[in-house]
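Q: My structure file query.cif, mmCIF, C-alpha atoms and all ligand atoms, is below:
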data_structure
#
loop_
_atom_site.label_atom_id
_atom_site.label_comp_id
_atom_site.auth_asym_id
_atom_site.auth_seq_id
_atom_site.Cartn_x
_atom_site.Cartn_y
_atom_site.Cartn_z
CA MET M 1 81.64 106.67 116.22
CA THR M 2 85.11 105.43 115.34
CA THR M 3 85.75 103.76 112.00
CA PRO M 4 85.72 99.97 112.27
CA TYR M 5 88.88 97.94 111.74
CA SER M 6 88.65 95.96 108.54
CA LEU M 7 89.54 92.33 108.93
CA LEU M 8 89.56 89.73 106.16
CA ILE M 9 89.04 86.19 107.44
CA LEU M 10 90.31 83.31 105.31
CA PRO M 11 89.56 80.05 107.19
CA GLY M 12 91.02 77.79 104.48
CA ASP M 13 91.08 74.01 104.77
CA GLY M 14 91.14 71.15 107.27
CA ILE M 15 91.00 72.41 110.85
CA GLY M 16 91.28 76.01 109.57
CA PRO M 17 87.51 76.65 109.61
CA GLU M 18 87.14 74.89 112.98
CA VAL M 19 89.71 77.01 114.81
CA MET M 20 88.58 80.17 113.01
CA ALA M 21 85.03 79.73 114.29
CA GLU M 22 86.42 80.05 117.83
CA VAL M 23 88.33 83.22 116.92
CA VAL M 24 85.11 84.73 115.60
CA LYS M 25 83.55 84.19 119.05
CA VAL M 26 86.47 86.04 120.60
CA ILE M 27 86.12 88.91 118.13
CA ASP M 28 82.40 89.12 118.91
CA TRP M 29 83.25 89.33 122.60
CA PHE M 30 85.57 92.28 122.04
CA GLN M 31 82.90 94.00 119.97
CA ALA M 32 80.24 93.45 122.62
CA ASN M 33 82.38 94.24 125.67
CA ARG M 34 85.25 96.53 124.69
CA GLY M 35 83.60 98.90 122.28
CA MET M 36 85.66 97.71 119.32
CA ARG M 37 84.17 97.56 115.88
CA PHE M 38 85.32 95.20 113.20
CA ASP M 39 84.22 95.22 109.61
CA ILE M 40 84.67 91.52 108.89
CA GLY M 41 84.84 89.92 105.47
CA HIS M 42 85.03 86.18 104.84
CA ASP M 43 86.62 84.62 101.79
CA LEU M 44 88.22 81.44 100.47
CA VAL M 45 91.85 80.41 100.24
CA GLY M 46 93.70 77.16 99.47
CA GLY M 47 91.81 74.04 98.54
CA ALA M 48 88.50 75.66 99.44
CA ALA M 49 89.17 78.39 96.87
CA TYR M 50 90.34 75.85 94.30
CA ASP M 51 87.10 73.87 94.68
CA LYS M 52 85.03 76.98 93.93
CA HIS M 53 87.21 79.01 91.55
CA GLY M 54 89.81 76.58 90.20
CA THR M 55 92.57 78.66 91.78
CA PRO M 56 93.89 78.68 95.38
CA LEU M 57 93.47 82.46 95.58
CA ALA M 58 91.06 84.40 93.38
CA ASP M 59 92.18 87.83 92.12
CA GLU M 60 89.23 89.38 93.89
CA THR M 61 90.32 87.84 97.21
CA MET M 62 93.85 89.11 96.63
CA ALA M 63 92.48 92.62 96.10
CA ARG M 64 90.42 92.42 99.29
CA ALA M 65 93.52 91.31 101.23
CA GLN M 66 95.45 94.34 99.95
CA GLN M 67 92.68 96.63 101.18
CA ALA M 68 92.15 95.07 104.61
CA ASP M 69 93.76 96.40 107.81
CA ALA M 70 94.63 92.80 108.61
CA VAL M 71 94.14 89.33 107.16
CA LEU M 72 93.54 86.37 109.48
CA LEU M 73 94.21 82.97 107.92
CA GLY M 74 93.44 79.47 109.23
CA ALA M 75 95.39 76.85 107.29
CA VAL M 76 95.62 75.51 103.74
CA GLY M 77 96.08 72.12 102.14
CA GLY M 78 95.07 68.53 102.60
CA PRO M 79 95.36 65.08 101.01
CA LYS M 80 92.47 65.83 98.65
CA TYR M 81 94.75 68.31 96.84
CA ASP M 82 97.98 66.32 96.84
CA ASP M 83 97.80 65.41 93.15
CA LEU M 84 97.01 68.89 91.86
CA ASP M 85 99.39 70.67 89.52
CA PHE M 86 102.03 72.69 91.38
CA SER M 87 100.66 75.99 90.07
CA VAL M 88 97.26 75.50 91.74
CA LYS M 89 98.31 73.74 94.94
CA PRO M 90 96.64 75.19 98.08
CA GLU M 91 99.98 76.42 99.45
CA ARG M 92 100.36 78.63 96.37
CA GLY M 93 97.44 80.71 97.64
CA LEU M 94 99.30 81.51 100.83
CA LEU M 95 102.55 82.18 98.97
CA ARG M 96 100.78 84.58 96.63
CA LEU M 97 99.36 86.51 99.59
CA ARG M 98 102.79 86.81 101.21
CA LYS M 99 104.49 87.79 97.98
CA GLU M 100 102.01 90.34 96.65
CA MET M 101 101.54 91.95 100.07
CA ASP M 102 105.37 91.98 100.32
CA LEU M 103 105.32 90.68 103.88
CA PHE M 104 109.03 90.82 104.67
CA ALA M 105 108.89 90.51 108.46
CA ASN M 106 107.76 87.20 109.92
CA LEU M 107 107.13 87.33 113.68
CA ARG M 108 107.14 84.10 115.64
CA PRO M 109 106.76 84.55 119.38
CA ALA M 110 107.90 81.70 121.62
CA GLN M 111 106.00 82.14 124.81
CA CYS M 112 105.76 79.47 127.46
CA PHE M 113 102.62 79.46 129.55
CA GLU M 114 103.29 78.40 133.12
CA ALA M 115 100.67 75.64 132.98
CA LEU M 116 102.41 74.04 129.99
CA ALA M 117 106.03 74.36 131.15
CA ASP M 118 106.30 70.59 131.47
CA PHE M 119 105.37 70.22 127.80
CA SER M 120 108.59 71.78 126.60
CA SER M 121 111.44 69.70 125.23
CA LEU M 122 113.54 71.44 127.88
CA LYS M 123 113.43 71.55 131.66
CA ARG M 124 110.76 73.64 133.37
CA GLU M 125 113.41 75.94 134.97
CA VAL M 126 114.74 76.85 131.54
CA VAL M 127 111.43 77.71 129.90
CA ALA M 128 108.86 78.70 132.54
CA GLY M 129 107.82 82.29 131.82
CA LEU M 130 109.75 82.39 128.55
CA ASP M 131 108.65 85.21 126.23
CA ILE M 132 110.84 85.85 123.21
CA LEU M 133 110.16 86.88 119.63
CA ILE M 134 111.96 85.65 116.55
CA LEU M 135 111.83 87.98 113.57
CA ARG M 136 112.64 86.24 110.32
CA GLU M 137 113.23 88.07 107.03
CA LEU M 138 110.73 86.40 104.72
CA THR M 139 111.04 87.68 101.16
CA SER M 140 114.72 87.48 100.24
CA GLY M 141 117.93 85.57 100.93
CA VAL M 142 118.97 82.16 99.72
CA TYR M 143 115.42 80.94 99.04
CA PHE M 144 115.03 83.57 96.31
CA GLY M 145 118.54 84.62 95.20
CA GLU M 146 119.71 84.17 91.58
CA PRO M 147 121.40 82.30 90.05
CA ARG M 148 119.79 79.10 91.18
CA GLY M 149 119.17 75.70 89.67
CA ILE M 150 120.50 72.22 89.09
CA HIS M 151 122.93 72.01 86.15
CA ASP M 152 125.11 69.49 84.41
CA ASP M 153 128.73 69.70 85.41
CA ASN M 154 130.02 67.61 82.53
CA ASN M 155 133.38 69.29 82.13
CA ASN M 156 134.39 68.23 85.58
CA PRO M 157 135.51 64.58 85.50
CA GLU M 158 136.20 64.66 89.24
CA ASN M 159 132.52 65.26 90.03
CA GLU M 160 130.92 61.87 90.45
CA GLY M 161 127.35 62.13 89.20
CA GLY M 162 128.16 65.13 86.99
CA ARG M 163 125.70 67.67 88.38
CA VAL M 164 125.78 70.83 90.48
CA GLY M 165 123.02 72.42 92.59
CA ILE M 166 123.15 76.18 93.09
CA ASN M 167 121.42 78.67 95.36
CA THR M 168 122.54 82.21 96.04
CA GLN M 169 122.34 84.05 99.32
CA ARG M 170 121.73 87.64 98.32
CA TYR M 171 120.67 90.56 100.51
CA THR M 172 120.57 94.25 99.67
CA SER M 173 121.28 96.83 102.32
CA GLY M 174 117.72 98.11 101.90
CA GLU M 175 116.24 94.69 102.61
CA ILE M 176 118.33 94.37 105.75
CA ARG M 177 117.57 97.87 106.98
CA ARG M 178 113.81 97.51 106.69
CA VAL M 179 113.67 94.27 108.69
CA ALA M 180 116.14 95.72 111.21
CA ARG M 181 113.78 98.67 111.72
CA SER M 182 110.94 96.25 112.40
CA ALA M 183 113.10 94.50 114.99
CA PHE M 184 113.93 97.71 116.84
CA GLU M 185 110.33 98.90 116.72
CA LEU M 186 109.17 95.59 118.20
CA ALA M 187 111.88 95.66 120.87
CA LYS M 188 110.79 99.13 122.00
CA ARG M 189 107.36 97.70 122.83
CA ARG M 190 108.88 94.72 124.64
CA GLY M 191 112.19 94.23 126.48
CA ASN M 192 114.15 96.87 124.49
CA LYS M 193 116.76 94.32 123.40
CA VAL M 194 117.65 92.99 119.94
CA CYS M 195 120.05 90.16 119.12
CA SER M 196 120.93 89.92 115.42
CA MET M 197 122.11 86.55 114.11
CA GLU M 198 124.13 85.76 110.96
CA LYS M 199 127.37 84.07 109.97
CA ALA M 200 129.58 87.11 109.38
CA ASN M 201 132.60 84.92 110.03
CA VAL M 202 132.10 82.98 106.78
CA MET M 203 129.51 84.85 104.63
CA GLU M 204 129.70 88.24 102.87
CA SER M 205 125.93 88.60 103.15
CA GLY M 206 126.46 88.06 106.88
CA ILE M 207 129.02 90.87 107.04
CA LEU M 208 126.62 93.21 105.26
CA TRP M 209 123.79 92.06 107.55
CA ARG M 210 125.80 92.88 110.67
CA GLU M 211 126.93 96.28 109.33
CA GLU M 212 123.47 97.37 108.24
CA VAL M 213 121.72 96.27 111.45
CA GLN M 214 124.40 98.18 113.38
CA TRP M 215 123.88 101.22 111.11
CA VAL M 216 120.13 101.28 111.74
CA HIS M 217 120.80 100.94 115.44
CA ASP M 218 123.40 103.72 115.64
CA ASN M 219 121.46 106.16 113.47
CA GLU M 220 117.87 105.48 114.44
CA TYR M 221 117.56 103.37 117.58
CA PRO M 222 120.60 104.00 119.80
CA GLU M 223 118.39 103.59 122.89
CA VAL M 224 117.70 99.91 122.12
CA GLU M 225 120.29 97.38 123.31
CA LEU M 226 121.83 95.55 120.33
CA SER M 227 124.04 92.48 120.26
CA HIS M 228 125.28 90.26 117.42
CA MET M 229 125.70 86.52 117.50
CA TYR M 230 126.76 83.88 114.97
CA ALA M 231 123.68 81.86 114.10
CA ASP M 232 125.22 78.53 115.09
CA ASN M 233 126.01 79.87 118.54
CA GLY M 234 122.50 81.36 118.53
CA ALA M 235 121.00 77.91 118.00
CA MET M 236 122.97 76.64 120.97
CA GLN M 237 122.04 79.59 123.20
CA LEU M 238 118.39 79.22 122.24
CA VAL M 239 118.18 75.78 123.81
CA ARG M 240 120.73 76.43 126.57
CA ASN M 241 119.38 79.69 127.96
CA PRO M 242 116.54 81.13 125.85
CA GLN M 243 115.58 83.68 128.51
CA GLN M 244 118.65 85.79 127.64
CA PHE M 245 116.85 86.95 124.47
CA ASP M 246 114.05 89.40 123.81
CA VAL M 247 113.86 90.00 120.04
CA ILE M 248 116.03 87.93 117.69
CA VAL M 249 116.33 89.23 114.12
CA THR M 250 117.77 87.01 111.43
CA ASP M 251 117.64 86.14 107.74
CA ASN M 252 115.23 83.89 105.90
CA LEU M 253 117.20 80.62 106.13
CA PHE M 254 118.48 80.96 109.69
CA GLY M 255 115.08 82.26 110.76
CA ASP M 256 113.35 79.23 109.30
CA ILE M 257 115.55 76.91 111.36
CA LEU M 258 115.78 78.94 114.54
CA SER M 259 112.04 79.60 114.74
CA ASP M 260 111.25 75.90 114.45
CA ALA M 261 113.76 75.16 117.20
CA ALA M 262 112.20 77.88 119.34
CA ALA M 263 108.77 76.40 118.72
CA MET M 264 109.74 73.28 120.61
CA LEU M 265 110.63 75.36 123.66
CA THR M 266 106.96 76.00 124.24
CA GLY M 267 105.22 72.69 123.67
CA SER M 268 102.41 71.97 121.22
CA LEU M 269 102.13 73.17 117.66
CA GLY M 270 98.55 73.99 118.59
CA MET M 271 99.78 76.92 120.72
CA LEU M 272 101.94 78.88 118.28
CA PRO M 273 100.76 82.09 116.57
CA SER M 274 102.55 84.09 113.88
CA ALA M 275 102.36 87.42 112.10
CA SER M 276 103.80 88.49 108.77
CA LEU M 277 104.13 92.24 108.32
CA GLY M 278 104.97 94.44 105.35
CA ALA M 279 105.38 98.13 104.66
CA LYS M 280 103.09 100.71 106.23
CA MET M 281 99.92 101.59 104.32
CA ALA M 282 98.52 105.09 103.93
CA ASN M 283 96.63 104.75 107.24
CA GLY M 284 99.89 104.05 109.08
CA ARG M 285 99.15 100.37 109.64
CA PRO M 286 101.44 97.71 108.21
CA LYS M 287 100.21 95.24 105.63
CA ALA M 288 99.57 92.24 107.83
CA LEU M 289 98.72 88.56 107.72
CA TYR M 290 98.15 86.60 110.94
CA GLU M 291 98.06 82.81 111.04
CA PRO M 292 98.74 79.88 113.35
CA VAL M 293 102.08 78.14 112.74
CA HIS M 294 100.39 74.76 112.36
CA GLY M 295 98.98 73.39 109.13
CA SER M 296 95.56 72.03 108.20
CA ALA M 297 96.09 68.85 110.30
CA PRO M 298 94.00 66.54 108.08
CA ASP M 299 94.49 63.70 110.56
CA ILE M 300 92.21 65.39 113.10
CA ALA M 301 90.04 67.62 110.87
CA GLY M 302 86.31 67.46 111.47
CA GLN M 303 86.62 65.70 114.83
CA GLY M 304 86.47 68.63 117.23
CA LYS M 305 89.99 67.85 118.44
CA ALA M 306 91.86 70.87 117.09
CA ASN M 307 93.36 73.31 119.55
CA PRO M 308 92.11 76.80 118.62
CA ILE M 309 94.65 78.63 120.81
CA ALA M 310 97.30 79.19 118.10
CA CYS M 311 94.69 80.93 115.96
CA ILE M 312 93.25 82.87 118.92
CA LEU M 313 96.75 84.06 119.88
CA SER M 314 97.28 85.08 116.25
CA PHE M 315 94.29 87.37 116.64
CA ALA M 316 95.88 88.73 119.84
CA MET M 317 98.89 89.62 117.69
CA ALA M 318 96.55 91.42 115.27
CA LEU M 319 95.13 93.41 118.19
CA ARG M 320 98.67 94.39 119.16
CA TYR M 321 100.36 95.04 115.82
CA SER M 322 97.54 96.10 113.50
CA PHE M 323 94.95 97.71 115.74
CA ASP M 324 97.04 99.33 118.48
CA GLN M 325 95.06 97.46 121.12
CA GLY M 326 97.95 96.18 123.20
CA ASP M 327 95.88 96.09 126.39
CA ALA M 328 93.22 93.99 124.72
CA ALA M 329 95.92 91.64 123.42
CA VAL M 330 97.22 91.15 126.97
CA GLU M 331 93.68 90.64 128.23
CA LEU M 332 93.15 87.87 125.67
CA GLU M 333 96.51 86.23 126.42
CA ARG M 334 95.68 86.28 130.14
CA ALA M 335 92.35 84.59 129.45
CA VAL M 336 94.16 81.80 127.60
CA GLU M 337 96.62 81.51 130.48
CA ARG M 338 93.80 81.25 133.04
CA VAL M 339 91.98 78.54 131.12
CA LEU M 340 95.19 76.52 130.84
CA ALA M 341 95.90 77.04 134.54
CA ASP M 342 92.45 75.58 135.24
CA GLY M 343 93.60 72.38 133.53
CA VAL M 344 91.37 72.77 130.48
CA ARG M 345 93.00 70.77 127.66
CA THR M 346 92.40 69.89 124.03
CA PRO M 347 93.81 66.41 123.25
CA ASP M 348 97.17 67.78 122.01
CA LEU M 349 97.74 69.31 125.46
CA MET M 350 96.82 66.26 127.51
CA GLY M 351 99.85 65.29 129.53
CA PRO M 352 100.55 62.81 132.30
CA ASP M 353 99.10 65.27 134.83
CA GLY M 354 95.63 64.74 133.34
CA GLY M 355 93.36 67.76 133.06
CA THR M 356 89.87 68.41 131.79
CA PRO M 357 89.56 67.16 128.20
CA VAL M 358 87.59 69.53 125.98
CA SER M 359 86.67 69.92 122.32
CA THR M 360 87.66 72.78 120.02
CA VAL M 361 84.32 74.49 120.65
CA GLU M 362 84.50 74.06 124.43
CA MET M 363 88.03 75.49 124.50
CA GLY M 364 86.78 78.55 122.62
CA ASP M 365 83.85 78.92 125.01
CA ARG M 366 86.10 78.65 128.07
CA ILE M 367 88.44 81.33 126.73
CA VAL M 368 85.55 83.67 125.98
CA ALA M 369 84.16 83.05 129.48
CA ALA M 370 87.58 83.77 131.03
P1 LIG M 401 101.74 71.82 106.75
O1 LIG M 401 102.56 71.18 105.70
O2 LIG M 401 100.46 72.40 106.27
O3 LIG M 401 102.52 72.72 107.65
P2 LIG M 401 102.16 69.66 108.51
O4 LIG M 401 102.06 68.29 107.93
O5 LIG M 401 103.49 70.24 108.74
O6 LIG M 401 101.26 70.63 107.67
P3 LIG M 401 100.21 70.09 110.58
O7 LIG M 401 99.05 70.10 109.69
O8 LIG M 401 100.51 71.35 111.28
O9 LIG M 401 101.50 69.62 109.88
O10 LIG M 401 100.08 68.92 111.64
C1 LIG M 401 101.18 68.28 112.27
C2 LIG M 401 100.67 67.46 113.46
O11 LIG M 401 100.30 68.35 114.51
C3 LIG M 401 99.45 66.64 113.13
O12 LIG M 401 99.49 65.40 113.79
C4 LIG M 401 98.31 67.46 113.64
O13 LIG M 401 97.21 66.72 114.02
C5 LIG M 401 98.93 68.20 114.82
N1 LIG M 401 98.31 69.54 114.96
C6 LIG M 401 98.54 70.59 114.15
N2 LIG M 401 97.80 71.64 114.51
C7 LIG M 401 97.09 71.25 115.59
C8 LIG M 401 96.11 71.90 116.42
N3 LIG M 401 95.73 73.18 116.23
N4 LIG M 401 95.58 71.19 117.43
C9 LIG M 401 95.94 69.93 117.65
N5 LIG M 401 96.84 69.26 116.91
C10 LIG M 401 97.41 69.91 115.88
MG MG M 402 104.58 72.05 108.29
#
Kindly return the structure encoded in the file as structure tokens.
A:
Amino acid sequence: MTTPYSLLILPGDGIGPEVMAEVVKVIDWFQANRGMRFDIGHDLVGGAAYDKHGTPLADETMARAQQADAVLLGAVGGPKYDDLDFSVKPERGLLRLRKEMDLFANLRPAQCFEALADFSSLKREVVAGLDILILRELTSGVYFGEPRGIHDDNNNPENEGGRVGINTQRYTSGEIRRVARSAFELAKRRGNKVCSMEKANVMESGILWREEVQWVHDNEYPEVELSHMYADNGAMQLVRNPQQFDVIVTDNLFGDILSDAAAMLTGSLGMLPSASLGAKMANGRPKALYEPVHGSAPDIAGQGKANPIACILSFAMALRYSFDQGDAAVELERAVERVLADGVRTPDLMGPDGGTPVSTVEMGDRIVAA
């Protein structure tokens, strides 16, 4: 008997528990039909954790996350928690997980299912069959660099308003090399092509970024095709001809912007999965957190309207990147594709072409059946 994969499930708030319930059905299917074994733990995060423990992530939950082969998270936050002190806001629970697990590589696939090609902000010809992956560095760069702050600029009479706001873009070679390695590893399992994006024309951190990505390529992954692009041109290319890319690797700030732009290539927020990976653990698996891109969607929570596909596809990513079950991941993605091709639609996917309207639970059932 093989050892089970350990999976910590943190449903969170709002629609989080609703979409997670559908993922659990999918996991049960793989256990019953594909001989996989999961050792599943459930715990609280976000507002749900605050309600019980007075903190958005209990120390004990943090410890369980560090031990797990993978963490699967629903969503955190909601209007009920809007007035809480910053230090205990639901989002802080998620930030603590990312920080303490040191999840430096954020993977956001932009995949366009044929049945939803008309949902894209772009023309069907441009996006049908699109399958690219944006890899964003998540733990460094201008969002974290020191010095930072808002200061008085009193000695400068020419500065109307008298203040200055400072952030620092700072990357070490080590930080760049480790995310570059992730990019090349991912590319080897996909289209064998990496495009690195920065602004080496105007930023020193961009020059270092380009040199270090090239170094990792030349010394460790010469067999993978590597190109470099200025991030502004990258933004343009992403909406002009996204199919030219396979894996895009970029820094924290550019990745934030480019991955949101890429999200709109594929249609609804309810379709987008993500993974955040860290260093390899003793068992060879990376620290890993999987979550849908969308938030807790308080406007539709509790109404059976949430689309569970983003969360289900996040589990497919876990199968691929944490559990070495690439075939099972493809099998799950194909099931989603078939259900969409049959016209099955949660409300967020209802277009002018109609379709069969279903609830969150029915969507989960249809995917399991497929
Ligand atoms: P956060 O700050 O937590 O990211 P947000 O305000 O950016 O939250 P979401 O909670 O993701 O946004 O919701 C944005 C919109 O998208 C809402 O109208 C919501 O109903 C819709 N939405 C988000 N996720 C889904 C989903 N899984 N299915 C259907 N609609 C969704
Ligand atoms: Mg948001």
Q: Between M:Tyr50, M:Tyr171, M:Phe119, M:Tyr230, which is the closest to Ala263 in chain M once you count only C-alpha atoms?
A: M:Phe119
Q: Using all atoms listed in the file, which protein or nucleic acid residues are at most 12 Å from ligand MG 402 (chain M), as a list in words?
A: Ala75, Val76, Gly77, Gly78, Glu91, Asp256, Asp260, Leu269, Pro292, Val293, His294, Gly295, Ser296, Ala297 and Pro298 of chain M
Q: Go ahead and save the picked residues with C-alpha atoms, as a tab-separated table (two decimals), keeping the file's coordinate frame.
A:
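Saved as out.tsv:
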chain	number	residue	atom	x	y	z
M	75	ALA	CA	95.39	76.85	107.29
M	76	VAL	CA	95.62	75.51	103.74
M	77	GLY	CA	96.08	72.12	102.14
M	78	GLY	CA	95.07	68.53	102.60
M	91	GLU	CA	99.98	76.42	99.45
M	256	ASP	CA	113.35	79.23	109.30
M	260	ASP	CA	111.25	75.90	114.45
M	269	LEU	CA	102.13	73.17	117.66
M	292	PRO	CA	98.74	79.88	113.35
M	293	VAL	CA	102.08	78.14	112.74
M	294	HIS	CA	100.39	74.76	112.36
M	295	GLY	CA	98.98	73.39	109.13
M	296	SER	CA	95.56	72.03	108.20
M	297	ALA	CA	96.09	68.85	110.30
M	298	PRO	CA	94.00	66.54	108.08
Q: Leaving out range 114-118 of chain M and any residue of its chain fewer than 6 positions from it, which residues lie within 6 Å of it when counting only C-alpha atoms, given as JSON, numbers by chain?
A: {"M": [124, 128, 340, 341]}
Q: Report the distance between CA of Leu332 in chain M and CA of Pro4 in chain M in Å, rounded to one decimal place.
A: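 Interatomic distance, CA of Leu332 in chain M to CA of Pro4 in chain M: 19.5 Å.
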Q: Taking all atoms listed in the file into account, name the residue in M:Lys89, M:Arg148, M:His217, M:Arg34 that is nearest to ligand LIG 401 (chain M).
A: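 When distances to ligand LIG 401 (chain M) are compared using all atoms listed in the file, the smallest one comes from M:Lys89.
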Q: Using all atoms listed in the file for the distances, tell me which of M:Gln214, M:Ser359, M:Gln325, M:Asn307 is nearest to ligand LIG 401 (chain M).
A: M:Asn307
Q: Which one of M:Met271, M:Val224, M:Leu238, M:Ala65 sits closest to ligand LIG 401 (chain M) if you count only C-alpha atoms and all ligand atoms?
A: M:Met271
Q: Separation of CA of Arg108 in chain M and CA of Val23 in chain M, in Å?
A: 18.9 Å
Q: So how many Å separate CA of Val361 in chain M and CA of Ala21 in chain M, to one decimal?
A: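 Between these atoms lies a distance of 8.3 Å.
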Q: For Glu211 in chain M, list every protein, DNA or RNA residue within 12 Å, evaluated using all atoms listed in the file, and leave out those in the same chain fewer than 2 positions away; present the list as an mmCIF file with C-alpha atoms, keeping the file's coordinate frame.
A:
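The resulting file, selection.cif, is shown below:
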data_model
loop_
_atom_site.group_PDB
_atom_site.id
_atom_site.type_symbol
_atom_site.label_atom_id
_atom_site.label_comp_id
_atom_site.auth_asym_id
_atom_site.auth_seq_id
_atom_site.Cartn_x
_atom_site.Cartn_y
_atom_site.Cartn_z
ATOM 1 C CA THR M 172 120.570 94.250 99.670
ATOM 2 C CA SER M 173 121.280 96.830 102.320
ATOM 3 C CA GLY M 174 117.720 98.110 101.900
ATOM 4 C CA ILE M 176 118.330 94.370 105.750
ATOM 5 C CA ARG M 177 117.570 97.870 106.980
ATOM 6 C CA ALA M 180 116.140 95.720 111.210
ATOM 7 C CA SER M 196 120.930 89.920 115.420
ATOM 8 C CA MET M 197 122.110 86.550 114.110
ATOM 9 C CA GLU M 198 124.130 85.760 110.960
ATOM 10 C CA ALA M 200 129.580 87.110 109.380
ATOM 11 C CA GLU M 204 129.700 88.240 102.870
ATOM 12 C CA SER M 205 125.930 88.600 103.150
ATOM 13 C CA GLY M 206 126.460 88.060 106.880
ATOM 14 C CA ILE M 207 129.020 90.870 107.040
ATOM 15 C CA LEU M 208 126.620 93.210 105.260
ATOM 16 C CA TRP M 209 123.790 92.060 107.550
ATOM 17 C CA VAL M 213 121.720 96.270 111.450
ATOM 18 C CA GLN M 214 124.400 98.180 113.380
ATOM 19 C CA TRP M 215 123.880 101.220 111.110
ATOM 20 C CA VAL M 216 120.130 101.280 111.740
ATOM 21 C CA HIS M 217 120.800 100.940 115.440
ATOM 22 C CA ASP M 218 123.400 103.720 115.640
ATOM 23 C CA SER M 227 124.040 92.480 120.260
ATOM 24 C CA HIS M 228 125.280 90.260 117.420
#
Q: Just give me the residues with any atom within 12 Å of (82.5, 77.3, 125.7), file coordinates, counting only C-alpha atoms, written as a CSV table (one decimal) with C-alpha atoms, in the coordinates of the input.
A:
chain,number,residue,atom,x,y,z
M,21,ALA,CA,85.0,79.7,114.3
M,22,GLU,CA,86.4,80.0,117.8
M,25,LYS,CA,83.6,84.2,119.0
M,26,VAL,CA,86.5,86.0,120.6
M,308,PRO,CA,92.1,76.8,118.6
M,339,VAL,CA,92.0,78.5,131.1
M,344,VAL,CA,91.4,72.8,130.5
M,358,VAL,CA,87.6,69.5,126.0
M,359,SER,CA,86.7,69.9,122.3
M,360,THR,CA,87.7,72.8,120.0
M,361,VAL,CA,84.3,74.5,120.6
M,362,GLU,CA,84.5,74.1,124.4
M,363,MET,CA,88.0,75.5,124.5
M,364,GLY,CA,86.8,78.6,122.6
M,365,ASP,CA,83.8,78.9,125.0
M,366,ARG,CA,86.1,78.6,128.1
M,367,ILE,CA,88.4,81.3,126.7
M,368,VAL,CA,85.6,83.7,126.0
M,369,ALA,CA,84.2,83.0,129.5
M,370,ALA,CA,87.6,83.8,131.0
Q: Here is a test: counting all atoms listed in the file, which residue of M:Glu18, M:Asp28, M:Asp299, M:Asp82 is nearest to Gly46 in chain M?
A: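 For Gly46 in chain M, the nearest of the given residues is M:Asp82.
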Q: Please enclose the listed atoms of range 83-93 of chain M in an axis-aligned box, pad each side by 4 Å, and write out the centre and the three edge lengths in Å, rounded to one decimal, as JSON.
A:
{"center_x": 99.3, "center_y": 73.1, "center_z": 94.5, "size_x": 13.4, "size_y": 23.3, "size_z": 17.9}
Q: Find, counting only C-alpha atoms and all ligand atoms, the residue in M:Pro147, M:Gly351, M:Pro242, M:Pro79 that gets nearest to ligand LIG 401 (chain M).
A: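 Answer, going by the shortest atom-to-atom distance: M:Pro79.
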